[in-house]
Each structure stands twice: as structure tokens, then as C-alpha cells.
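These notes are about the structure you will find just below.
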Amino acid sequence: MFAWELLAEAVLFGLLVGCFYAAVSVGLSISLGLLDVPQVAHPAFLVVGSYGTYLLGRHGWDPLLAGIALAPVFFVVGILVYRFYYETFEKRGEDTGVRGLAFFFGIAFIVEVLLILAFGVDQRSVDAPYIGASVALGDVRIPIRLLVAFGTALLLTGGLALYLAKTFTGRAIKAVAQDGVALRLMGANPVRIKQWAFGIATGVTAIAGAMLIVVGPVDPNLDRVYIGRTFCVVVLAGLGSMGGTLVAGLVLGVTESIVLTMFGASWAPAVAFGLLLLMLGVRPQGLFGR
Amino acid sequence: MSPRLKSYWVGAAAVVALGILAVATVRNEYFFFASYIVLQFVVLATAWNILGGYAGYVNFGTGAFFGAGVYTAVVLINLFGAPLLVQILAAAAVSGTLGFATGMLTLRLRGIFYSIATVAVAIIIETLIVNWRYVGGSTGIQILRPPVMPPFESYTKMLFLAMVLLAVAATAIARFIETSWIGRGLRAIRDSEIAAEGCGVPTLKLKLFACTVSGALMGAAGAPLAMYQSFIEPVSAFSLNYSVSALAMPMIGGTSHWIGPVIGAILLGSIQQIVMVTISNEINVLVVGVLLVLFVVGAPSGIVGLARALMRKRVGRKAA
């Protein structure tokens, strides 16, 4: 007999995790989707956020608080990274694609190795009252850490969507995504807006990284798994769409959870990449792309 | 035959002769052990450069094509103890097909999406292998090597010489592509795909051709690893470290000339061998990453570009 209850449980967990997947991807959705920066190092930054949370956690910080405290630091780092990227690649124009990609790919590897050298390859985790506990929903026990990640993710994605839609700067960021030259003609400076936006994209990655270590233990190589998940979500969503990012995260979460339940954990790594390839082949503009 | 082509083949023949001489005279097994890896990277870097350097399509998934080659050899050895040449040809065919398929799937996509798609291909194939019992699954597989063939004293020497020939073949192919109309077409694609298409360059066919050749060479480079290591497991065979090395070496050597990847591979490959033996594997990846970023930022045309600039300066001084 087909185990409907098992499937329902898989879907429920998929929805919770999916929202979290959306949150770890919003940073990339801005940097790649809106700003057209090949931010392949995004998952590496995410894991750095987790390790930062781990360090603060050892001094008694709550993981979520740690993530929020790290966000301004990441914001500044993001601004510096974009500034550097702009001066060395975007401004000169020639062959930006290949060199920009190689640059961020190299950064990702450097970050990963530095994390290995600093923390070793062992898994690290944090402590908080809500990690380890769970609530019962009928026969299903839902870990509270997943609910915390779910709630934070919802707030983060929703907040960013509002920011981009309602505020002046948010609209400017959307404008620069549509037509940088036109924006320059209006007297605004696209580089400064992009720099600000890249800072925000990197800043929210710190909070997402804090949730990453709340959801489960992290190790320095985790960024390789999240290359698949984050890019899958961003491509599935259609570049730069915040609402789309949420839906795409849910689609990935549910699909992964079902595959995990039905076929076993050894197939899970291929789910995100499989969805990504399928989307790239069939509908590269994404579910909600123009 | 033009004088440049003639001097290329004289050089290639000299390299092969040196390889044979080394096998005949050098006693130290480690020399062949290390040289094999460096030569393997010469093939990988050259293969990467055909697509990445000439056409501007950045492959992050070298491990996919390399690993597919390794496992093609594993399957063939398991099935009927296929000889090395058959393994290499079959691996090239499999990885070439894989390259073609990846190209087909991502033809309409801009730079970064091709790159991410190649990572996806790497992970998906790795997952398939992990779940495939016949080739050992995630625990890996021990290869039963037949006794080594007479003229060679050891496997390492035989595989070393095979890799010398593969490296020469790979550079010959890269050089042919670079100097022919195919190379001109690929460079046009790199500079502006739309403009190239408008000028009547068959961009689609050229891209697919480059994807296929590049993939096939990576697969060929992977095939001998099965016998070289005699133990194969998926995580190391599909490692992203192959991807970053195969990308860094041409970027460091210079992507515009076939010699660039060769210089980059020999330089970085040798450094890697030294660092791995003396310090650690982690520092090894760090060196690759740091050198890659330094060159991409500071010397975008690589060592070849630096050398050219130096020569131009000298010529200029003489003229003045």
C-alpha cells in the first residue's frame, strides 16, 4: 500500500525546509538576479556566516542574535567586494564574464580552505533552547529549530520583497537591474546603488548563515551542496523575483524531501542540481521570469 | 608545412623522445608518479582552454568529464579487462558525448548558467555512480590490474608514457583549433556571440564542437587513473578540485595561446606536488585559489601575456 502518511509528512517537512532554502538564496537572488554579478562565492559566504555564529555562540550568544549582529559586518564586506569587483572587472568591460566567474570561483575555494585551516573538517553546531526540542502535531514531531528557521526565513524574504517594492532605494535597485544607463541619465549613480544592493545581499546572507547552523551542523565543505540549492532556487524563481524565490524554495524543499523519503538519502544531492538542469534546459527564464 | 607547424612537431617529437628516454634511464619511481599527475593536468588544462579560453565558456565541471572517463575505464576493466588504448578511446567517447549533451542543454544560456550547469552535471553523475553497485558505489572499487606488459618495468612508467602521448595529442588538437578557422570562430563567439552570429559564424555548431572536444579530452585524461591508482572512489574521482585546477592553470598560463595552459599546468602542477608532499593537501588548494585570484586580477593575460608585454618592451627599446 502506498504510504500516504509518509508522503504527507515529507511534504510538511519539505515546506518548512523549503522556506529556509528560499532564505539562503535571497542574497544570491539580488546579486545575480538583479545586479548581474556572477556571485559563485555566495554559498561560501553563507557558510562563513554559520561559522561566525558558531564563534559568537561559544561566547553565549543566541544564534539568531549572532546572525543579526554579523549582518552589518557582512554588509560592509559586501560593499568592499562589489567595489573591488567593479574596479577590476566591470569597469574595464573586456572579458568580464570569464574573469569575473574565475575570480568568485577562486574566492569560494580560498574561503573554504581558510575555514578548514581554522576549524578543521569536523562538523560544528550551536546550542539554543529551541535546538533539539520539538512539538507534536498529531503523530508527527516537528523540531522547533525548523520552525524558527521557517519563521525567520519568511520574515527575511518578505521584508526584502517589501523593501524592494516600497522604498526609494529598493526601487532604485530594481531600476538599476532593468536599465543602468537610463538610471544614469536620470542623474543617479548606478554603481553606488549596486554597491549598496550587494551590501544588502551579503548582509542577509549572514542571517541566512546563522539559520543554516540552527537547522543542522555545518562543515567547511557544505558550500558545495549549497551551490546546487541556492542556484536552483534562483534559477527556478526567475532572476531577481522575491516572491518567486519563496515559491521556488518551497518547490525544491518538497521535491527533496519526497525524494529523500522515497529513494533514500544517497539520491538527495542530485535533486537540486537535477531540478536546476531541467529548468535551464526547458525554461531558463524560470517559473516567474519575464 | 609552414615553418611554425614544422617546429611545433619537432618540439612534440622531442618531448616524446625525452619521455621514452626517461622511462629507459630514470630509476626513481616517484619521478614518474609525480610527472603523471602534472601531465594529466596538462591535458585537463588544455582541454578546458579549448572551450573556456577560446570560446569564453567557463567550465566548472571538469570533474564530471574526468570522472566519467575514470569510471568508463573501471567498467571496461571489470567487463573484459580492456587494454589501455580501448579504455582511453571509450572514455573519450563517453565524455565527449557528455560534453555534447551539456552543450545542447545550455546552448541558449549566458556565461554563468553554463558554468553552474556543468557543476550540476558533475554532482548528478557522481550521485549516479554512488548509487551504482557494479562500480563499487560510494565505498569505491579495487581494480585488478593484469601483469604489466613486457617493455615496461612498472605500471607507473607505462601510464606515464601514455600520458606524455595524450598531452602531446591534446596540445596538437588545441593548436590545430587555435590556428584554424574554428579558433577564429570561437574567438568571435567569446568577444560577442550576437555579432559573430550576425557575421555568419556558425556559433551553434562551433560551440557544440568545442564542448565535445573539450569533454572528450578530459575523459581521455581520466581513463588511465583507474590503473594508476588501482583503487577508485567517486568523491575523489569527481572532485571539484579538478575543476578549480583545470580552470586556474590556463588562467595563470594565459588563455590566448595553446602554450598557456601547458605552462600553467606544469608550473601549478609541480607546485601542487611539492606542497602536497611537504605541507598538506589543504594548503595545496589554497595555493591554487590564491594564484588564480592574483592572476585574474593582476595579470589577466597570464604568463604568456606578461612575456609578450616584456618582449614588446624590448623590441620598442631597440627601435628607439
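All residue names refer to the C-alpha cells as shown: chains lettered A, B, ... in order, residues numbered from 1 in each chain, ligands numbered from 1 in order.
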task = Might you pull out every residue within 7 Å of Thr212 (chain B), with only C-alpha atoms counted and same-chain residues fewer than 5 positions away left off, and present them as a PyMOL selection string?
result = chain B and resi 96-97+99-100
message = Could you tell me which residues of chain A sit within 8 Å of chain B when counting only C-alpha atoms, and give me the result as number ranges by chain?
response = A: 38, 88, 95, 97-99, 101-103, 105-107, 109-110, 113-114, 116-117, 228, 231, 266-267, 269-270, 273-274, 276-277, 280-281, 284
For the residues selected in the previous step, produce a file with C-alpha atoms as a tab-separated table (two decimals), in the first residue's frame.
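The resulting file, part22.tsv, is shown below:
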```tsv
chain	number	residue	atom	x	y	z
A	38	PRO	CA	28.34	36.10	-11.01
A	88	THR	CA	38.84	45.37	-11.59
A	95	ASP	CA	36.12	39.67	-20.99
A	97	GLY	CA	32.31	37.15	-17.86
A	98	VAL	CA	35.18	34.69	-17.80
A	99	ARG	CA	37.41	36.60	-15.39
A	101	LEU	CA	33.48	33.99	-12.79
A	102	ALA	CA	37.02	32.75	-12.24
A	103	PHE	CA	37.50	35.44	-9.59
A	105	PHE	CA	35.19	30.74	-8.01
A	106	GLY	CA	38.70	31.33	-6.67
A	107	ILE	CA	37.33	33.32	-3.71
A	109	PHE	CA	37.84	28.00	-2.75
A	110	ILE	CA	40.03	30.31	-0.69
A	113	VAL	CA	40.26	26.24	2.67
A	114	LEU	CA	40.67	29.02	5.24
A	116	ILE	CA	39.22	24.14	7.02
A	117	LEU	CA	42.53	25.50	8.31
A	228	GLY	CA	23.23	23.50	-6.05
A	231	PHE	CA	21.37	28.41	-7.74
A	266	SER	CA	22.09	8.92	-1.27
A	267	TRP	CA	19.97	10.43	-4.07
A	269	PRO	CA	22.38	15.69	-3.55
A	270	ALA	CA	21.22	15.27	-7.14
A	273	PHE	CA	21.05	20.04	-9.42
A	274	GLY	CA	18.59	17.89	-11.37
A	276	LEU	CA	18.31	23.18	-11.94
A	277	LEU	CA	19.39	21.38	-15.12
A	280	LEU	CA	17.86	25.53	-17.55
A	281	GLY	CA	17.04	23.16	-20.38
A	284	PRO	CA	15.71	29.16	-18.50
```
Per-residue nearest contacts of region 139-222 of chain A to region 129-134 of chain A (12 Å; only C-alpha atoms) as a tab-separated table:
```
residue	atom	partner	partner_atom	distance
A:Val140	CA	A:Ser134	CA	9.8
A:Arg141	CA	A:Ser134	CA	6.1
A:Ile142	CA	A:Ser134	CA	5.3
A:Pro143	CA	A:Ser134	CA	4.0
A:Ile144	CA	A:Ser134	CA	4.9
A:Arg145	CA	A:Ile131	CA	5.1
A:Leu146	CA	A:Ile131	CA	8.7
A:Leu147	CA	A:Tyr130	CA	9.2
A:Val148	CA	A:Tyr130	CA	7.8
A:Ala149	CA	A:Tyr130	CA	10.5
A:Met211	CA	A:Ile131	CA	11.2
A:Ile213	CA	A:Ile131	CA	10.2
A:Val214	CA	A:Ile131	CA	7.0
A:Val215	CA	A:Ile131	CA	8.2
A:Gly216	CA	A:Ile131	CA	9.2
A:Pro217	CA	A:Ile131	CA	11.0
```
Save the residues we just selected, C-alpha atoms, as an mmCIF file, in the first residue's frame?
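Heads up, here's the output in part_12.cif:
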```cif
data_model
loop_
_atom_site.group_PDB
_atom_site.id
_atom_site.type_symbol
_atom_site.label_atom_id
_atom_site.label_comp_id
_atom_site.auth_asym_id
_atom_site.auth_seq_id
_atom_site.Cartn_x
_atom_site.Cartn_y
_atom_site.Cartn_z
ATOM 1 C CA VAL A 140 4.373 13.982 13.610
ATOM 2 C CA ARG A 141 7.027 15.641 15.742
ATOM 3 C CA ILE A 142 8.317 18.879 14.291
ATOM 4 C CA PRO A 143 11.689 20.104 15.549
ATOM 5 C CA ILE A 144 11.381 23.672 16.829
ATOM 6 C CA ARG A 145 14.662 24.669 15.136
ATOM 7 C CA LEU A 146 12.929 24.071 11.793
ATOM 8 C CA LEU A 147 10.043 26.302 12.881
ATOM 9 C CA VAL A 148 12.475 29.040 13.962
ATOM 10 C CA ALA A 149 14.268 28.845 10.622
ATOM 11 C CA MET A 211 19.915 29.769 10.326
ATOM 12 C CA ILE A 213 23.768 26.272 11.634
ATOM 13 C CA VAL A 214 20.455 26.338 13.551
ATOM 14 C CA VAL A 215 18.926 23.849 11.105
ATOM 15 C CA GLY A 216 21.852 21.445 11.301
ATOM 16 C CA PRO A 217 25.589 21.096 11.928
#
```
task = as JSON, numbers by chain, list the residues of region 165-237 of chain A assigned to helix (DSSP H, G or I) by DSSP on the backbone atoms of this structure.
result = {"A": [165, 166, 168, 169, 170, 171, 172, 173, 174, 175, 176, 177, 178, 180, 181, 182, 183, 184, 185, 190, 191, 192, 193, 194, 195, 196, 197, 198, 199, 200, 201, 202, 203, 204, 205, 206, 207, 208, 209, 210, 211, 212, 213, 214, 215, 222, 223, 224, 225, 226, 227, 228, 229, 230, 231, 232, 233, 234, 235, 236, 237]}
ask   = Which is closer to Ser257 (chain A) than all the others in A:Tyr226, A:Phe45, A:Trp4, A:Phe13, using only C-alpha atoms?
value =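 Distance minimum relative to Ser257 (chain A) lands on A:Phe13.
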key: Contact residues around Leu34 (chain A) with only C-alpha atoms at 6 Å, ignoring same-chain residues under 3 positions, as JSON, numbers by chain   = {"A": [30, 31, 177, 240]}
key: Selection near region 77-80 of chain A, 7 Å with only C-alpha atoms, sequence-local residues under 3 positions removed, as an MDAnalysis selection string   = chainID A and resid 73:74 83:84 195:196 198:199 202
